[in-house]
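Peer 1: Sharing entry02.pdb (PDB, C-alpha atoms) below.
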```
ATOM      1  CA  MET A   1     -73.949  -6.195 -13.751
ATOM      2  CA  HIS A   2     -77.733  -6.036 -13.721
ATOM      3  CA  VAL A   3     -77.466  -4.693 -10.156
ATOM      4  CA  PHE A   4     -76.560  -1.368 -11.832
ATOM      5  CA  ALA A   5     -79.265  -1.648 -14.514
ATOM      6  CA  ASN A   6     -81.504   0.627 -12.477
ATOM      7  CA  PRO A   7     -80.558   4.275 -13.304
ATOM      8  CA  ARG A   8     -81.452   5.369  -9.751
ATOM      9  CA  ARG A   9     -79.060   2.801  -8.265
ATOM     10  CA  PHE A  10     -76.405   3.765 -10.812
ATOM     11  CA  LEU A  11     -76.758   7.461  -9.945
ATOM     12  CA  ALA A  12     -76.490   6.723  -6.216
ATOM     13  CA  ILE A  13     -72.990   5.400  -6.937
ATOM     14  CA  ALA A  14     -71.986   7.673  -9.856
ATOM     15  CA  VAL A  15     -72.766  11.024  -8.180
ATOM     16  CA  PRO A  16     -70.354  10.636  -5.206
ATOM     17  CA  VAL A  17     -67.719   8.790  -7.296
ATOM     18  CA  THR A  18     -67.483  11.465 -10.052
ATOM     19  CA  PRO A  19     -65.641  14.224  -8.065
ATOM     20  CA  TRP A  20     -63.196  11.703  -6.572
ATOM     21  CA  CYS A  21     -62.295  10.377 -10.026
ATOM     22  CA  PHE A  22     -62.165  13.882 -11.504
ATOM     23  CA  TRP A  23     -60.024  15.633  -8.895
ATOM     24  CA  GLY A  24     -57.937  12.531  -8.154
ATOM     25  CA  GLY A  25     -57.275  12.231 -11.895
ATOM     26  CA  ILE A  26     -56.360  15.928 -12.248
ATOM     27  CA  ALA A  27     -53.949  15.695  -9.278
ATOM     28  CA  LEU A  28     -52.211  12.642 -10.774
ATOM     29  CA  ILE A  29     -52.073  14.241 -14.252
ATOM     30  CA  LEU A  30     -50.441  17.384 -12.839
ATOM     31  CA  ALA A  31     -47.975  15.355 -10.753
ATOM     32  CA  GLY A  32     -47.156  13.088 -13.720
ATOM     33  CA  CYS A  33     -46.693  16.015 -16.131
ATOM     34  CA  TRP A  34     -44.478  17.855 -13.626
ATOM     35  CA  ALA A  35     -42.353  14.747 -13.129
ATOM     36  CA  GLY A  36     -42.265  14.058 -16.870
ATOM     37  CA  LEU A  37     -41.192  17.606 -17.701
ATOM     38  CA  PHE A  38     -38.795  18.416 -14.856
ATOM     39  CA  MET A  39     -37.770  15.253 -12.973
ATOM     40  CA  ALA A  40     -37.431  12.445 -15.528
ATOM     41  CA  PRO A  41     -34.152  12.360 -17.475
ATOM     42  CA  ALA A  42     -34.022  13.126 -21.201
ATOM     43  CA  ASP A  43     -33.861  10.066 -23.460
ATOM     44  CA  TYR A  44     -30.386   9.158 -24.721
ATOM     45  CA  LEU A  45     -31.625   8.978 -28.344
ATOM     46  CA  GLN A  46     -34.702  11.218 -28.519
ATOM     47  CA  GLY A  47     -33.445  13.848 -26.067
ATOM     48  CA  GLU A  48     -36.061  16.224 -24.629
ATOM     49  CA  ASN A  49     -38.631  15.161 -27.272
ATOM     50  CA  ALA A  50     -39.272  11.986 -25.261
ATOM     51  CA  ARG A  51     -41.173  14.155 -22.733
ATOM     52  CA  ILE A  52     -44.061  14.316 -25.222
ATOM     53  CA  LEU A  53     -44.602  10.582 -24.648
ATOM     54  CA  TYR A  54     -45.859  11.218 -21.090
ATOM     55  CA  ILE A  55     -49.032  12.589 -22.679
ATOM     56  CA  HIS A  56     -48.979  10.751 -26.033
ATOM     57  CA  VAL A  57     -49.082   7.275 -24.443
ATOM     58  CA  PRO A  58     -52.122   7.981 -22.161
ATOM     59  CA  ALA A  59     -53.897   9.549 -25.164
ATOM     60  CA  ALA A  60     -53.303   6.395 -27.254
ATOM     61  CA  TRP A  61     -54.339   4.174 -24.316
ATOM     62  CA  LEU A  62     -57.610   6.069 -23.820
ATOM     63  CA  GLY A  63     -58.374   6.333 -27.542
ATOM     64  CA  MET A  64     -58.191   2.523 -27.769
ATOM     65  CA  GLY A  65     -59.652   2.049 -24.281
ATOM     66  CA  GLY A  66     -62.650   4.180 -25.242
ATOM     67  CA  TRP A  67     -63.439   1.941 -28.204
ATOM     68  CA  SER A  68     -62.911  -1.165 -26.031
ATOM     69  CA  GLY A  69     -65.513   0.344 -23.685
ATOM     70  CA  LEU A  70     -67.854   0.938 -26.635
ATOM     71  CA  THR A  71     -67.427  -2.720 -27.642
ATOM     72  CA  ILE A  72     -68.220  -4.000 -24.130
ATOM     73  CA  ALA A  73     -71.232  -1.649 -23.947
ATOM     74  CA  ALA A  74     -72.435  -2.861 -27.364
ATOM     75  CA  ILE A  75     -72.207  -6.538 -26.291
ATOM     76  CA  MET A  76     -74.058  -5.774 -23.047
ATOM     77  CA  GLN A  77     -76.701  -3.863 -25.008
ATOM     78  CA  LEU A  78     -77.189  -6.470 -27.736
ATOM     79  CA  VAL A  79     -76.793  -9.651 -25.683
ATOM     80  CA  GLY A  80     -77.551  -8.692 -22.082
ATOM     81  CA  ARG A  81     -80.101  -5.965 -22.953
ATOM     82  CA  HIS A  82     -78.577  -3.857 -20.188
ATOM     83  CA  PRO A  83     -80.474  -0.533 -20.271
ATOM     84  CA  LEU A  84     -77.506   1.580 -19.196
ATOM     85  CA  ALA A  85     -75.148   0.036 -21.769
ATOM     86  CA  ALA A  86     -76.649   2.090 -24.612
ATOM     87  CA  VAL A  87     -76.278   5.241 -22.503
ATOM     88  CA  ALA A  88     -72.654   4.328 -21.665
ATOM     89  CA  GLY A  89     -71.925   3.841 -25.377
ATOM     90  CA  ARG A  90     -73.177   7.317 -26.183
ATOM     91  CA  ALA A  91     -71.238   8.815 -23.254
ATOM     92  CA  LEU A  92     -67.926   7.159 -24.215
ATOM     93  CA  ALA A  93     -67.760   8.270 -27.838
ATOM     94  CA  VAL A  94     -66.774  11.965 -27.607
ATOM     95  CA  PRO A  95     -64.032  11.637 -24.928
ATOM     96  CA  GLY A  96     -62.670   8.626 -26.840
ATOM     97  CA  ALA A  97     -62.581  10.658 -30.062
ATOM     98  CA  VAL A  98     -60.884  13.596 -28.282
ATOM     99  CA  PHE A  99     -58.085  11.338 -27.011
ATOM    100  CA  THR A 100     -57.625   9.628 -30.391
ATOM    101  CA  ALA A 101     -57.268  13.074 -31.999
ATOM    102  CA  LEU A 102     -54.823  14.097 -29.223
ATOM    103  CA  CYS A 103     -52.818  10.914 -29.768
ATOM    104  CA  LEU A 104     -52.504  11.692 -33.490
ATOM    105  CA  ALA A 105     -51.682  15.368 -32.877
ATOM    106  CA  THR A 106     -49.061  14.797 -30.159
ATOM    107  CA  GLY A 107     -47.599  11.895 -32.152
ATOM    108  CA  SER A 108     -47.286  14.134 -35.186
ATOM    109  CA  ILE A 109     -45.635  16.908 -33.137
ATOM    110  CA  TRP A 110     -43.225  14.314 -31.681
ATOM    111  CA  GLY A 111     -42.539  12.829 -35.138
ATOM    112  CA  ARG A 112     -41.333  16.080 -36.738
ATOM    113  CA  PRO A 113     -38.133  16.519 -34.673
ATOM    114  CA  THR A 114     -37.627  12.752 -34.114
ATOM    115  CA  TRP A 115     -38.406  11.200 -37.524
ATOM    116  CA  GLY A 116     -38.087  14.359 -39.597
ATOM    117  CA  THR A 117     -41.705  14.149 -40.779
ATOM    118  CA  TRP A 118     -45.123  15.160 -39.435
ATOM    119  CA  TRP A 119     -46.853  12.115 -40.917
ATOM    120  CA  GLU A 120     -46.043   8.705 -42.344
ATOM    121  CA  TRP A 121     -48.599   6.336 -43.880
ATOM    122  CA  ASP A 122     -47.478   3.302 -41.890
ATOM    123  CA  GLY A 123     -49.602   0.665 -40.175
ATOM    124  CA  ARG A 124     -49.772   2.203 -36.685
ATOM    125  CA  LEU A 125     -50.529   5.778 -37.752
ATOM    126  CA  THR A 126     -53.007   4.798 -40.458
ATOM    127  CA  SER A 127     -54.950   2.386 -38.208
ATOM    128  CA  MET A 128     -55.080   5.072 -35.489
ATOM    129  CA  LEU A 129     -56.418   7.592 -38.032
ATOM    130  CA  LEU A 130     -59.013   4.979 -39.035
ATOM    131  CA  LEU A 131     -60.021   4.769 -35.346
ATOM    132  CA  LEU A 132     -60.671   8.533 -35.333
ATOM    133  CA  PHE A 133     -62.871   8.196 -38.435
ATOM    134  CA  LEU A 134     -64.715   5.293 -36.755
ATOM    135  CA  TYR A 135     -65.377   7.502 -33.712
ATOM    136  CA  ILE A 136     -66.719  10.287 -35.958
ATOM    137  CA  GLY A 137     -68.989   7.776 -37.722
ATOM    138  CA  TYR A 138     -70.170   6.378 -34.379
ATOM    139  CA  ILE A 139     -70.960   9.868 -33.010
ATOM    140  CA  ALA A 140     -72.905  10.748 -36.178
ATOM    141  CA  LEU A 141     -74.870   7.473 -35.985
ATOM    142  CA  ALA A 142     -75.514   7.878 -32.241
ATOM    143  CA  ARG A 143     -76.817  11.425 -32.730
ATOM    144  CA  SER A 144     -79.111  10.462 -35.579
ATOM    145  CA  SER A 145     -80.498   7.469 -33.674
ATOM    146  CA  ALA A 146     -80.724   8.931 -30.149
ATOM    147  CA  ASP A 147     -84.324  10.047 -30.488
ATOM    148  CA  ARG A 148     -85.475   6.667 -31.725
ATOM    149  CA  ALA A 149     -83.517   4.560 -29.229
ATOM    150  CA  ASP A 150     -84.949   3.708 -25.826
ATOM    151  CA  GLY A 151     -83.717   5.843 -22.921
ATOM    152  CA  GLY A 152     -81.562   8.234 -24.951
ATOM    153  CA  GLY A 153     -78.858   5.654 -25.611
ATOM    154  CA  VAL A 154     -77.555   4.485 -28.952
ATOM    155  CA  SER A 155     -79.595   2.293 -31.311
ATOM    156  CA  ARG A 156     -78.849  -1.363 -32.062
ATOM    157  CA  VAL A 157     -77.393  -0.377 -35.465
ATOM    158  CA  THR A 158     -74.908   1.940 -33.699
ATOM    159  CA  ALA A 159     -73.995  -0.865 -31.271
ATOM    160  CA  ILE A 160     -73.344  -3.216 -34.218
ATOM    161  CA  PHE A 161     -71.155  -0.485 -35.781
ATOM    162  CA  ALA A 162     -69.111  -0.463 -32.533
ATOM    163  CA  LEU A 163     -68.606  -4.237 -32.797
ATOM    164  CA  ILE A 164     -67.439  -3.981 -36.425
ATOM    165  CA  GLY A 165     -65.097  -1.108 -35.511
ATOM    166  CA  ALA A 166     -63.549  -3.285 -32.774
ATOM    167  CA  LEU A 167     -61.821  -5.285 -35.542
ATOM    168  CA  ASN A 168     -59.472  -2.300 -35.886
ATOM    169  CA  LEU A 169     -58.194  -2.625 -32.270
ATOM    170  CA  PRO A 170     -55.962  -5.698 -32.802
ATOM    171  CA  VAL A 171     -54.725  -4.113 -36.058
ATOM    172  CA  ILE A 172     -53.578  -1.026 -34.087
ATOM    173  CA  HIS A 173     -52.020  -3.145 -31.345
ATOM    174  CA  TYR A 174     -50.101  -5.548 -33.602
ATOM    175  CA  SER A 175     -49.348  -3.114 -36.449
ATOM    176  CA  VAL A 176     -45.786  -2.586 -35.178
ATOM    177  CA  VAL A 177     -45.267  -6.373 -35.161
ATOM    178  CA  TRP A 178     -46.928  -7.192 -38.508
ATOM    179  CA  TRP A 179     -45.395  -4.409 -40.625
ATOM    180  CA  ASN A 180     -42.104  -2.568 -40.851
ATOM    181  CA  SER A 181     -42.794   0.771 -39.246
ATOM    182  CA  LEU A 182     -41.133   4.017 -38.265
ATOM    183  CA  HIS A 183     -43.137   3.713 -35.050
ATOM    184  CA  GLN A 184     -41.231   2.037 -32.250
ATOM    185  CA  GLY A 185     -42.233  -1.439 -31.088
ATOM    186  CA  ARG A 186     -43.988  -2.271 -27.839
ATOM    187  CA  SER A 187     -42.090  -1.004 -24.783
ATOM    188  CA  ILE A 188     -44.402  -2.595 -22.201
ATOM    189  CA  THR A 189     -45.410  -6.240 -22.575
ATOM    190  CA  MET A 190     -46.777  -8.938 -20.274
ATOM    191  CA  SER A 191     -43.208 -10.024 -19.522
ATOM    192  CA  GLY A 192     -41.973  -6.584 -18.458
ATOM    193  CA  SER A 193     -40.951  -3.105 -19.562
ATOM    194  CA  SER A 194     -37.946  -1.871 -21.517
ATOM    195  CA  ILE A 195     -38.441   1.666 -20.131
ATOM    196  CA  ALA A 196     -36.042   2.830 -17.388
ATOM    197  CA  PRO A 197     -37.755   3.056 -13.960
ATOM    198  CA  SER A 198     -36.871   6.785 -13.730
ATOM    199  CA  MET A 199     -39.015   7.368 -16.854
ATOM    200  CA  LEU A 200     -41.656   4.730 -16.141
ATOM    201  CA  TRP A 201     -43.144   6.136 -12.933
ATOM    202  CA  PRO A 202     -44.146   9.557 -14.364
ATOM    203  CA  LEU A 203     -45.745   7.675 -17.275
ATOM    204  CA  GLY A 204     -47.639   5.497 -14.763
ATOM    205  CA  LEU A 205     -48.936   8.648 -13.038
ATOM    206  CA  THR A 206     -50.200  10.257 -16.259
ATOM    207  CA  VAL A 207     -51.777   7.010 -17.513
ATOM    208  CA  LEU A 208     -53.577   6.465 -14.195
ATOM    209  CA  GLY A 209     -54.529  10.154 -13.895
ATOM    210  CA  PHE A 210     -55.980  10.440 -17.401
ATOM    211  CA  THR A 211     -57.832   7.124 -16.908
ATOM    212  CA  LEU A 212     -59.502   8.387 -13.702
ATOM    213  CA  TRP A 213     -60.331  11.703 -15.377
ATOM    214  CA  PHE A 214     -61.766   9.833 -18.398
ATOM    215  CA  ILE A 215     -64.015   7.761 -16.072
ATOM    216  CA  ALA A 216     -65.251  11.002 -14.444
ATOM    217  CA  ILE A 217     -66.082  12.539 -17.854
ATOM    218  CA  VAL A 218     -67.981   9.400 -18.937
ATOM    219  CA  LEU A 219     -69.916   9.393 -15.633
ATOM    220  CA  LEU A 220     -70.771  13.099 -16.103
ATOM    221  CA  ARG A 221     -71.953  12.398 -19.671
ATOM    222  CA  MET A 222     -74.081   9.455 -18.473
ATOM    223  CA  ARG A 223     -75.604  11.632 -15.739
ATOM    224  CA  ALA A 224     -76.457  14.295 -18.339
ATOM    225  CA  ILE A 225     -78.104  11.741 -20.663
ATOM    226  CA  LEU A 226     -80.104  10.189 -17.786
ATOM    227  CA  ALA A 227     -81.254  13.651 -16.645
ATOM    228  CA  GLU A 228     -82.321  14.484 -20.224
ATOM    229  CA  ASN A 229     -84.329  11.236 -20.234
ATOM    230  CA  ARG A 230     -86.063  12.279 -17.012
ATOM    231  CA  ILE A 231     -86.888  15.682 -18.555
ATOM    232  CA  GLU A 232     -88.339  14.085 -21.699
ATOM    233  CA  ALA A 233     -90.402  11.588 -19.713
ATOM    234  CA  ARG A 234     -91.731  14.377 -17.456
ATOM    235  CA  LEU A 235     -92.627  16.638 -20.411
ATOM    236  CA  ARG A 236     -94.412  13.731 -22.124
ATOM    237  CA  ARG A 237     -96.455  13.058 -18.971
ATOM    238  CA  MET A 238     -97.247  16.778 -18.597
ATOM    239  CA  SER A 239     -98.421  17.074 -22.216
ATOM    240  CA  ARG A 240    -100.760  14.087 -21.737
ATOM    241  CA  SER A 241    -102.390  15.454 -18.574
TER
ATOM    242  CA  MET B   1     -33.713  21.552 -33.873
ATOM    243  CA  ASN B   2     -34.828  23.058 -30.547
ATOM    244  CA  PRO B   3     -37.154  20.427 -28.986
ATOM    245  CA  TRP B   4     -38.906  22.687 -26.467
ATOM    246  CA  PRO B   5     -41.438  24.355 -28.839
ATOM    247  CA  PHE B   6     -42.595  20.840 -29.797
ATOM    248  CA  VAL B   7     -42.806  19.693 -26.164
ATOM    249  CA  ILE B   8     -44.621  22.849 -25.006
ATOM    250  CA  SER B   9     -47.124  22.805 -27.882
ATOM    251  CA  SER B  10     -47.974  19.137 -27.145
ATOM    252  CA  TYR B  11     -48.631  19.851 -23.467
ATOM    253  CA  ALA B  12     -50.569  23.043 -24.277
ATOM    254  CA  LEU B  13     -52.792  21.190 -26.770
ATOM    255  CA  THR B  14     -53.469  18.417 -24.238
ATOM    256  CA  ALA B  15     -54.259  20.935 -21.480
ATOM    257  CA  LEU B  16     -56.633  22.807 -23.761
ATOM    258  CA  ALA B  17     -58.474  19.621 -24.823
ATOM    259  CA  THR B  18     -58.677  18.389 -21.200
ATOM    260  CA  ILE B  19     -60.069  21.701 -19.900
ATOM    261  CA  ALA B  20     -62.541  22.062 -22.802
ATOM    262  CA  THR B  21     -63.827  18.476 -22.435
ATOM    263  CA  SER B  22     -64.141  18.858 -18.640
ATOM    264  CA  PHE B  23     -66.099  22.093 -18.977
ATOM    265  CA  TRP B  24     -68.360  20.719 -21.722
ATOM    266  CA  ALA B  25     -69.191  17.523 -19.760
ATOM    267  CA  TRP B  26     -69.677  19.355 -16.431
ATOM    268  CA  ARG B  27     -71.896  22.048 -17.988
ATOM    269  CA  ALA B  28     -74.082  19.493 -19.834
ATOM    270  CA  ALA B  29     -74.583  17.428 -16.642
ATOM    271  CA  ARG B  30     -75.248  20.471 -14.450
ATOM    272  CA  LYS B  31     -77.727  21.985 -16.911
ATOM    273  CA  ALA B  32     -79.654  18.728 -17.466
ATOM    274  CA  GLU B  33     -79.726  17.777 -13.772
ATOM    275  CA  ALA B  34     -80.884  21.272 -12.728
ATOM    276  CA  ARG B  35     -83.690  21.212 -15.317
ATOM    277  CA  ALA B  36     -84.749  17.697 -14.268
ATOM    278  CA  GLU B  37     -84.847  18.808 -10.607
ATOM    279  CA  GLN B  38     -86.848  21.905 -11.551
ATOM    280  CA  LEU B  39     -89.462  19.805 -13.377
ATOM    281  CA  THR B  40     -89.679  17.340 -10.474
ATOM    282  CA  GLY B  41     -90.356  20.263  -8.134
ATOM    283  CA  ARG B  42     -93.448  21.236 -10.137
ATOM    284  CA  ASP B  43     -95.394  18.170  -8.936
TER
END
```
Could you render the structure as structure tokens?

Peer 2:
Amino acid sequence: MHVFANPRRFLAIAVPVTPWCFWGGIALILAGCWAGLFMAPADYLQGENARILYIHVPAAWLGMGGWSGLTIAAIMQLVGRHPLAAVAGRALAVPGAVFTALCLATGSIWGRPTWGTWWEWDGRLTSMLLLLFLYIGYIALARSSADRADGGGVSRVTAIFALIGALNLPVIHYSVVWWNSLHQGRSITMSGSSIAPSMLWPLGLTVLGFTLWFIAIVLLRMRAILAENRIEARLRRMSRS
Amino acid sequence: MNPWPFVISSYALTALATIATSFWAWRAARKAEARAEQLTGRD
């Protein structure tokens, strides 16, 4: 991974990759949403409300995936001292928080006609809400420490916060197994899927599309942070001369 | 209960968040990269 430790080398890859991920992601999202809304059949129990899941599931996946990324970045920053890891951590936080909030919002909208309630304090929903609060805490810490950290990334304290917050990820994942919940159990496991193929492929498109789009947003954020670093370094040199 | 207002509002909210996040990230990168280029050009 240290091959990409050099920001110049990273940018040489990130700049051409960003539009491919962005536009490829948007195309897949649009195709997946179209298929989810107009081609996939309605669920035999949930009816048309099941169409919300084509966007709720990718939002949940990226909310948790974003924090998994923060955890990997924190380990690489603290153990490997990878200079871009701190920048990646800062870049991941806001899109991760946006998708966690979207997951909660779309889940709540889905819950009203399906469960008869907007909100239920059960294990899955509460641990997901905790994830949103963790993101907000991480963003606040990252902003307050950005000036003091090297290269515009997050500080070591913020990276340690990401590692502590990672304890919530298995709680979210296994909450439907550990506790009785209104939330349905896992539909996709290592051994297979209980979702009908006619409903699974649009979900695959939206999950893949939002993931590509998410990568593009993180790359754009990293490029912005690295450019800000270049500006600061240049201004410092100019003020000295 | 008519499900379509719930479905449409979910998709609209997601579209809005996706467009806003895309614009915010693109604008921040474009602005910072343009300024960095401008300062490099002063050498």

Peer 1: If you count all atoms listed in the file, which residues fall within 12 Å of Trp178 of chain A, apart from same-chain ones fewer than 6 positions away, as a compact mmCIF listing (two decimals) with C-alpha atoms, in the coordinates of the input?

Peer 2:
```txt
# COMPACT_ATOMS: atom_id res chain seq x y z
CA ASP A 122 -47.48 3.30 -41.89
CA GLY A 123 -49.60 0.66 -40.17
CA ARG A 124 -49.77 2.20 -36.68
CA PRO A 170 -55.96 -5.70 -32.80
CA VAL A 171 -54.72 -4.11 -36.06
CA ILE A 172 -53.58 -1.03 -34.09
CA GLY A 185 -42.23 -1.44 -31.09
```

Peer 1: Which residue out of A:Arg143, A:Arg236, A:Arg81, A:Arg186 has the minimum interatomic distance to Val57 of chain A when only C-alpha atoms are used?

Peer 2: A:Arg186

Peer 1: Quick one: everything within 6 Å of segment 88-101 of chain A, counting all atoms listed in the file, minus sequence neighbours fewer than 5 positions away in the same chain. Send it as a list in words.

Peer 2: Ala59, Gly63, Gly66, Leu70, Ala73, Leu132, Tyr135, Gly153, Val154, Val218, Arg221 and Met222 of chain A

Peer 1: Could you give me, as a Markdown table, a per-residue list for chain B showing, wherever an atom lies at most 8 Å from an atom of chain A, the closest pair of atoms and their distance in Å to one decimal, using only C-alpha atoms and sorting by chain then residue number from low to high?

Peer 2:
```
| residue | atom | partner | partner_atom | distance |
| --- | --- | --- | --- | --- |
| B:Met1 | CA | A:Pro113 | CA | 6.7 |
| B:Pro3 | CA | A:Asn49 | CA | 5.7 |
| B:Trp4 | CA | A:Glu48 | CA | 7.3 |
| B:Phe6 | CA | A:Ile109 | CA | 6.0 |
| B:Val7 | CA | A:Ile52 | CA | 5.6 |
| B:Ser10 | CA | A:Thr106 | CA | 5.4 |
| B:Tyr11 | CA | A:Ile55 | CA | 7.3 |
| B:Leu13 | CA | A:Leu102 | CA | 7.8 |
| B:Thr14 | CA | A:Leu102 | CA | 6.7 |
| B:Ala17 | CA | A:Val98 | CA | 7.4 |
| B:Thr21 | CA | A:Pro95 | CA | 7.3 |
| B:Ser22 | CA | A:Ile217 | CA | 6.7 |
| B:Ala25 | CA | A:Arg221 | CA | 5.8 |
| B:Trp26 | CA | A:Leu220 | CA | 6.4 |
| B:Ala28 | CA | A:Ala224 | CA | 5.9 |
| B:Ala29 | CA | A:Ala224 | CA | 4.0 |
| B:Arg30 | CA | A:Ala224 | CA | 7.4 |
| B:Lys31 | CA | A:Ala224 | CA | 7.9 |
| B:Ala32 | CA | A:Ala227 | CA | 5.4 |
| B:Glu33 | CA | A:Ala227 | CA | 5.3 |
| B:Arg35 | CA | A:Ile231 | CA | 7.2 |
| B:Ala36 | CA | A:Ile231 | CA | 5.2 |
| B:Leu39 | CA | A:Ile231 | CA | 7.1 |
| B:Thr40 | CA | A:Arg234 | CA | 7.9 |
```

Peer 1: Excluding Leu163 of chain A and its own-chain neighbours fewer than 5 positions away, which residues fall within 8 Å of it when counting only C-alpha atoms? Please give them as a short mmCIF file (atom, residue, chain, number, x, y, z; two decimals) with C-alpha atoms, keeping the file's coordinate frame.

Peer 2:
```
data_model
loop_
_atom_site.label_atom_id
_atom_site.label_comp_id
_atom_site.auth_asym_id
_atom_site.auth_seq_id
_atom_site.Cartn_x
_atom_site.Cartn_y
_atom_site.Cartn_z
CA THR A 71 -67.43 -2.72 -27.64
CA ALA A 74 -72.44 -2.86 -27.36
CA ILE A 75 -72.21 -6.54 -26.29
#
```

Peer 1: Once 4 Å is added on each side, what are the centre and the three edge lengths, in Å to one decimal, of the axis-aligned box enclosing the listed atoms of segment 24-40 of chain B? Present them as JSON.

Peer 2:
```
{"center_x": -79.0, "center_y": 19.7, "center_z": -16.1, "size_x": 29.3, "size_y": 12.7, "size_z": 19.2}
```

Peer 1: Mind pulling up the distance from atom CA of Leu212 of chain A to atom CA of Ser187 of chain A?

Peer 2: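 Calculated distance between atom CA of Ser187 of chain A and atom CA of Leu212 of chain A is 22.7 Å.
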
Peer 1: What does the distance from atom CA of Val177 of chain A to atom CA of Thr126 of chain A come to in Å, to one decimal?

Peer 2: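 Taking atom CA of Val177 of chain A as the start and atom CA of Thr126 of chain A as the end point, the length is 14.6 Å.
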
Peer 1: Name the residues in contact with Leu167 of chain A at a cut-off of 12 Å, using all atoms listed in the file, excluding same-chain residues fewer than 4 positions from it; report them as a short mmCIF file (atom, residue, chain, number, x, y, z; two decimals) with C-alpha atoms, in the coordinates of the input.

Peer 2:
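Here's the written file around_3.cif:
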```cif
data_model
loop_
_atom_site.label_atom_id
_atom_site.label_comp_id
_atom_site.auth_asym_id
_atom_site.auth_seq_id
_atom_site.Cartn_x
_atom_site.Cartn_y
_atom_site.Cartn_z
CA MET A 64 -58.19 2.52 -27.77
CA TRP A 67 -63.44 1.94 -28.20
CA SER A 68 -62.91 -1.16 -26.03
CA THR A 71 -67.43 -2.72 -27.64
CA SER A 127 -54.95 2.39 -38.21
CA LEU A 130 -59.01 4.98 -39.03
CA LEU A 131 -60.02 4.77 -35.35
CA LEU A 134 -64.72 5.29 -36.76
CA ILE A 160 -73.34 -3.22 -34.22
CA PHE A 161 -71.16 -0.48 -35.78
CA ALA A 162 -69.11 -0.46 -32.53
CA LEU A 163 -68.61 -4.24 -32.80
CA VAL A 171 -54.72 -4.11 -36.06
CA ILE A 172 -53.58 -1.03 -34.09
CA HIS A 173 -52.02 -3.14 -31.34
CA TYR A 174 -50.10 -5.55 -33.60
#
```

Peer 1: When you draw a straight line from atom CA of Ala85 of chain A to atom CA of Ala159 of chain A, how long is it in Å?

Peer 2: 9.6 Å

Peer 1: Neighbours of Ala40 of chain A within 10 Å (all atoms listed in the file; same-chain residues fewer than 3 positions away dropped), as a list in words?

Peer 2: Gly32, Cys33, Trp34, Ala35, Gly36, Leu37, Asp43, Glu48, Ala50, Arg51, Ala196, Pro197, Ser198, Met199, Leu200, Trp201, Pro202 and Leu203 of chain A
